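J.: Next up is a structure, given as structure tokens.
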Amino acid sequence: MDVRKVAILGGNRIPFARSNGPYASASNQDMLTAAIDGLVSRFSLQGERIGEVAAGAVLKHARDFNLAREAVLGSKLSPETPASDVQMACGTGLQAIVNVANKIALGQLDSAIAGGVDTTSDAPLAVNDDLRRILVRLNSAKSLGERLRLLTKLRPGQIVPEIPRNAEPRTGLSMGEHAALTAKEWGITREAQDELAATSHQRLAAAYDRGFFDDLMTPFLRLTRDQNLRPDSTAEKLAKLKPVFGGPDGTMTAGNSTPLTDGASTVLLASEEWAKAHKLPVLAYLTFAETAAVDYVHGREGLLMAPAYAVPRMLAKAGLSLQDFDFYEIHEAFASQVLATLKAWEDPGFAKEKLGLDEPLGSIDRAKLNVNGSSLAAGHPFAATGGRIVATLAKLLHEKGSGRGLISICAAGGQGITAILEK
Ligand SMILES: CC(=O)CC(=O)SCCNC(=O)CCNC(=O)[C@H](O)C(C)(C)COP(=O)(O)OP(=O)(O)OC[C@H]1O[C@@H](n2cnc3c(N)ncnc32)[C@H](O)[C@@H]1OP(=O)(O)O
């Protein structure tokens, strides 16, 4: 069977909002539907039966058991468009894109929309296990007596809801606390983290100023730009913030960590034939992808270091070196995570002991890293980050007219997902 090329035709996102800000009353469904409808109007897809929509959210209400399908039904796409949910923590958006890309490559789909959404404002609250069991049984109780018997089992302590923590269930540590351990292990300085964060804000602001996002974004609830963006960020200003992870001597602050964010993103992918039939230019092709997972539970590796393993595997399959790229899109979960990953790739010991390589991957040209800013400035609505990055990189390659870009995204659960886009 011939494997077909997978074309990226465009992306769309709503501006990202800070948690409990302008999108506080919006649900995942509202935001994902808006991100899909932005693509629909930009690419004239009203009533179109797309091959498949794949999307997901990290924090999901029970009512959203197939969030992607509900968003399709709320959108202007044909209601005959199939849809499925994907979950890989912060890798969700890119995993959804890779899933449909593989189906396009195999000829199972001609067109697809993939993406993700998250809201920490509308996070689902869980109820105590005992209370849940009682409520489920109450729902099917056959008599008043049975209902009363069940209600007498309720205890006041069971009524308090459980608020989801941004923490790893197997260690109890938050992602920030995990990242702080890795920052210490790799000797990542506060200055380097603040410098990276300031650059992210300055580059995102410059990209807005030159209209880069004009055809990648649809305003939502009156927000027209990422709310977290502070164009006047400098390393000097960031140096004044107090540590939030890693104790009083920690190097991680609210400025060099991603904020809790609400938002959604989508990407339109297709076969070359479908793109041609719809007279749509191809921005870039998705050519390789890889996933990796690390054992952070027993302390063998840092929670967010899996991309450091996925990238060398992907490069080996692609026959490329780390330096063979025009753009590097490394998701800035925390500035320290990006810097630890870059340091690992430069380290001969890591190459030998962890990757089984004779030589380290080497360093990258930092001028090519996150050239239009990344998650520290834009914010990070977990599952929406993959779509933001793919849409940004595809457009960068289209503007350049040729070249290759590398994507690297760390995810909770000790996982990582990476991809290569080419023009
Ligand atoms: C999920 C996966 O699978 C993988 C991943 O991506 S891991 C990453 C997941 N994401 C996270 O874990 C989110 C981590 N972030 C957080 O928990 C919170 O944002 C945080 C604890 C870091 C900070 O929360 P907060 O205290 O509410 O932040 P916030 O009030 O906005 O900022 C604190 C201060 O810093 C200042 N500040 C923030 N950014 C700044 C900047 N760029 N320049 C100057 N000042 C800044 C704010 O103005 C504020 O100052 P004041 O106290 O004087 O008002």
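Going through the structure tokens in order, the chains are called A, B, and so on, while each chain numbers its residues from 1 and the ligands are numbered from 1 in the order shown.
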Enumerate residues in contact with ligand 1: an atom-to-atom distance of at most 7 Å, counting only C-alpha atoms and all ligand atoms. Format the result as a count of residues only.

T.: 29

J.: With DSSP run on the backbone, what are the strand (DSSP E or B) residues within range 186-313 of chain A? I'd like them as a list in words.

T.: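 The strand (DSSP E or B) subset of range 186-313 of chain A is Met217, Phe220, Leu223, Pro243, Val244, Phe245, Met252, Thr253, Ser257, Thr261, Asp262, Gly263, Ala264, Ser265, Thr266, Val267, Leu268, Leu269, Ala270, Ala284, Tyr285, Leu286, Thr287, Phe288, Ala289, Glu290, Thr291, Ala292 and Ala293 of chain A.
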
J.: Determine which residues of range 279-344 of chain A receive a DSSP assignment of helix (DSSP H, G or I), computed from the backbone, and state them as a ChimeraX atom specification.

T.: /A:307-318,335-344

J.: Could those selected residues go to a file with N, CA, C and O atoms, as an mmCIF file, in the first residue's frame?

T.:
```
data_model
loop_
_atom_site.group_PDB
_atom_site.id
_atom_site.type_symbol
_atom_site.label_atom_id
_atom_site.label_comp_id
_atom_site.auth_asym_id
_atom_site.auth_seq_id
_atom_site.Cartn_x
_atom_site.Cartn_y
_atom_site.Cartn_z
ATOM 1 N N PRO A 307 10.579 13.961 26.089
ATOM 2 C CA PRO A 307 10.959 14.407 24.738
ATOM 3 C C PRO A 307 12.463 14.261 24.463
ATOM 4 O O PRO A 307 12.862 14.095 23.305
ATOM 5 N N ALA A 308 13.282 14.313 25.529
ATOM 6 C CA ALA A 308 14.732 14.155 25.332
ATOM 7 C C ALA A 308 15.051 12.767 24.773
ATOM 8 O O ALA A 308 16.089 12.572 24.149
ATOM 9 N N TYR A 309 14.125 11.817 24.977
ATOM 10 C CA TYR A 309 14.289 10.453 24.447
ATOM 11 C C TYR A 309 13.563 10.295 23.108
ATOM 12 O O TYR A 309 14.036 9.577 22.225
ATOM 13 N N ALA A 310 12.400 10.921 22.986
ATOM 14 C CA ALA A 310 11.607 10.762 21.746
ATOM 15 C C ALA A 310 12.339 11.387 20.559
ATOM 16 O O ALA A 310 12.344 10.818 19.459
ATOM 17 N N VAL A 311 12.961 12.549 20.768
ATOM 18 C CA VAL A 311 13.597 13.250 19.643
ATOM 19 C C VAL A 311 14.732 12.425 19.019
ATOM 20 O O VAL A 311 14.745 12.239 17.795
ATOM 21 N N PRO A 312 15.693 11.887 19.803
ATOM 22 C CA PRO A 312 16.737 11.087 19.146
ATOM 23 C C PRO A 312 16.203 9.873 18.400
ATOM 24 O O PRO A 312 16.696 9.535 17.325
ATOM 25 N N ARG A 313 15.150 9.241 18.941
ATOM 26 C CA ARG A 313 14.553 8.098 18.221
ATOM 27 C C ARG A 313 13.959 8.563 16.897
ATOM 28 O O ARG A 313 14.109 7.911 15.873
ATOM 29 N N MET A 314 13.282 9.698 16.934
ATOM 30 C CA MET A 314 12.642 10.224 15.713
ATOM 31 C C MET A 314 13.706 10.624 14.696
ATOM 32 O O MET A 314 13.572 10.346 13.499
ATOM 33 N N LEU A 315 14.798 11.254 15.174
ATOM 34 C CA LEU A 315 15.872 11.680 14.261
ATOM 35 C C LEU A 315 16.503 10.464 13.589
ATOM 36 O O LEU A 315 16.809 10.492 12.387
ATOM 37 N N ALA A 316 16.686 9.379 14.366
ATOM 38 C CA ALA A 316 17.291 8.163 13.794
ATOM 39 C C ALA A 316 16.406 7.624 12.671
ATOM 40 O O ALA A 316 16.896 7.250 11.598
ATOM 41 N N LYS A 317 15.091 7.611 12.896
ATOM 42 C CA LYS A 317 14.173 7.099 11.864
ATOM 43 C C LYS A 317 14.158 8.011 10.644
ATOM 44 O O LYS A 317 14.012 7.555 9.510
ATOM 45 N N ALA A 318 14.294 9.306 10.878
ATOM 46 C CA ALA A 318 14.235 10.276 9.769
ATOM 47 C C ALA A 318 15.591 10.430 9.088
ATOM 48 O O ALA A 318 15.679 11.069 8.025
ATOM 49 N N ALA A 335 10.203 27.192 31.773
ATOM 50 C CA ALA A 335 11.474 27.539 31.113
ATOM 51 C C ALA A 335 12.525 26.497 31.457
ATOM 52 O O ALA A 335 13.324 26.083 30.614
ATOM 53 N N SER A 336 12.502 26.024 32.708
ATOM 54 C CA SER A 336 13.529 25.068 33.148
ATOM 55 C C SER A 336 13.430 23.757 32.382
ATOM 56 O O SER A 336 14.441 23.094 32.136
ATOM 57 N N GLN A 337 12.208 23.375 31.976
ATOM 58 C CA GLN A 337 12.035 22.108 31.237
ATOM 59 C C GLN A 337 12.705 22.213 29.868
ATOM 60 O O GLN A 337 13.398 21.289 29.433
ATOM 61 N N VAL A 338 12.518 23.342 29.183
ATOM 62 C CA VAL A 338 13.145 23.538 27.865
ATOM 63 C C VAL A 338 14.667 23.493 28.022
ATOM 64 O O VAL A 338 15.371 22.798 27.274
ATOM 65 N N LEU A 339 15.164 24.215 29.029
ATOM 66 C CA LEU A 339 16.624 24.326 29.200
ATOM 67 C C LEU A 339 17.239 22.992 29.623
ATOM 68 O O LEU A 339 18.338 22.648 29.175
ATOM 69 N N ALA A 340 16.533 22.221 30.446
ATOM 70 C CA ALA A 340 17.055 20.904 30.859
ATOM 71 C C ALA A 340 17.101 19.960 29.650
ATOM 72 O O ALA A 340 18.050 19.189 29.491
ATOM 73 N N THR A 341 16.094 20.033 28.795
ATOM 74 C CA THR A 341 16.066 19.176 27.592
ATOM 75 C C THR A 341 17.232 19.531 26.674
ATOM 76 O O THR A 341 17.945 18.647 26.184
ATOM 77 N N LEU A 342 17.441 20.837 26.451
ATOM 78 C CA LEU A 342 18.552 21.262 25.579
ATOM 79 C C LEU A 342 19.891 20.812 26.169
ATOM 80 O O LEU A 342 20.782 20.361 25.445
ATOM 81 N N LYS A 343 20.008 20.920 27.497
ATOM 82 C CA LYS A 343 21.258 20.537 28.158
ATOM 83 C C LYS A 343 21.487 19.022 28.048
ATOM 84 O O LYS A 343 22.613 18.563 27.850
ATOM 85 N N ALA A 344 20.401 18.254 28.165
ATOM 86 C CA ALA A 344 20.515 16.787 28.057
ATOM 87 C C ALA A 344 21.022 16.408 26.666
ATOM 88 O O ALA A 344 21.870 15.525 26.522
#
```

J.: For each of A:Leu32, A:Leu138, A:Ala284, A:Ile163, take the minimum atom-to-atom distance to Lys395 in chain A, counting only C-alpha atoms, then give the residue where this is smallest.

T.: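 Between A:Leu32, A:Leu138, A:Ala284, A:Ile163, the residue approaching Lys395 in chain A most closely is A:Ala284.
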
J.: Quick one: everything within 8 Å of Leu59 in chain A, counting only C-alpha atoms, minus sequence neighbours fewer than 5 positions away in the same chain. Send it as a ChimeraX atom specification.

T.: /A:118-120,123-124

J.: From the list A:Thr81, A:Gln29, A:Ser271, A:Asn228, which residue is nearest Ile50 in chain A when using only C-alpha atoms?

T.: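 Ranked by minimum distance to Ile50 in chain A, first place goes to A:Thr81.
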
J.: Between A:Glu80, A:Arg203, A:Gly247, A:Ser265, which is the closest to Ala96 in chain A once you count only C-alpha atoms?

T.: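 Checking each candidate against Ala96 in chain A, we get A:Ser265 as the closest.
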
J.: Compare A:Asp130, A:Arg366, A:Ala54, A:Val282 by their minimum atom-to-atom distance to Asn99 in chain A, counting only C-alpha atoms, and give me the closest one.

T.: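 Closest to Asn99 in chain A of all the choices is A:Ala54.
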
J.: Quick one: everything within 8 Å of Leu125 in chain A, counting only C-alpha atoms, minus sequence neighbours fewer than 4 positions away in the same chain. Send it as an MDAnalysis selection string.

T.: chainID A and resid 161:164

J.: Which residues come within 12 Å of Asp365 in chain A, counting only C-alpha atoms, excluding same-chain residues fewer than 2 positions away, as number ranges by chain?

T.: A: 322-328, 342, 362-363, 367-371

J.: With only C-alpha atoms as the counted atoms, please give the residues lying no more than 12 Å from Asp209 in chain A, apart from itself and same-chain residues fewer than 6 positions off, as a list in words.

T.: Gln202, Arg203, Arg225, Pro231 and Asn372 of chain A

J.: Which residue gives the smallest distance to Leu376 in chain A among A:Asp249, A:Asn256, A:Ala275, A:Ser321, with only C-alpha atoms counted?

T.: A:Asn256

J.: With distances taken over only C-alpha atoms, which residue among A:Ala62, A:Leu154, A:Leu77, A:Leu303 lies nearest Ala126 in chain A?

T.: A:Ala62

J.: What's the separation between CA of Gly401 in chain A and CA of Thr199 in chain A, in Å to one decimal place?

T.: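 Going from CA of Gly401 in chain A over to CA of Thr199 in chain A, I get 25.0 Å.
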
J.: List the neighbours of Tyr23 in chain A out to 12 Å using only C-alpha atoms; skip same-chain residues closer than 4 positions along the sequence, and give me the result as a list in words.

T.: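 Surrounding residues, per the criterion: Ile14, Pro15, Phe16, Ala17, Arg18, Ser19, Ser27, Asn28, Asp30, Met31, Asp118, Thr119, Thr120, Ser121, Asp122, Pro219, Phe220, Leu221, Arg222, Leu223, Asp226, Gln227, Thr261, Asp262, Gly263, Ala264 and Pro381 of chain A.
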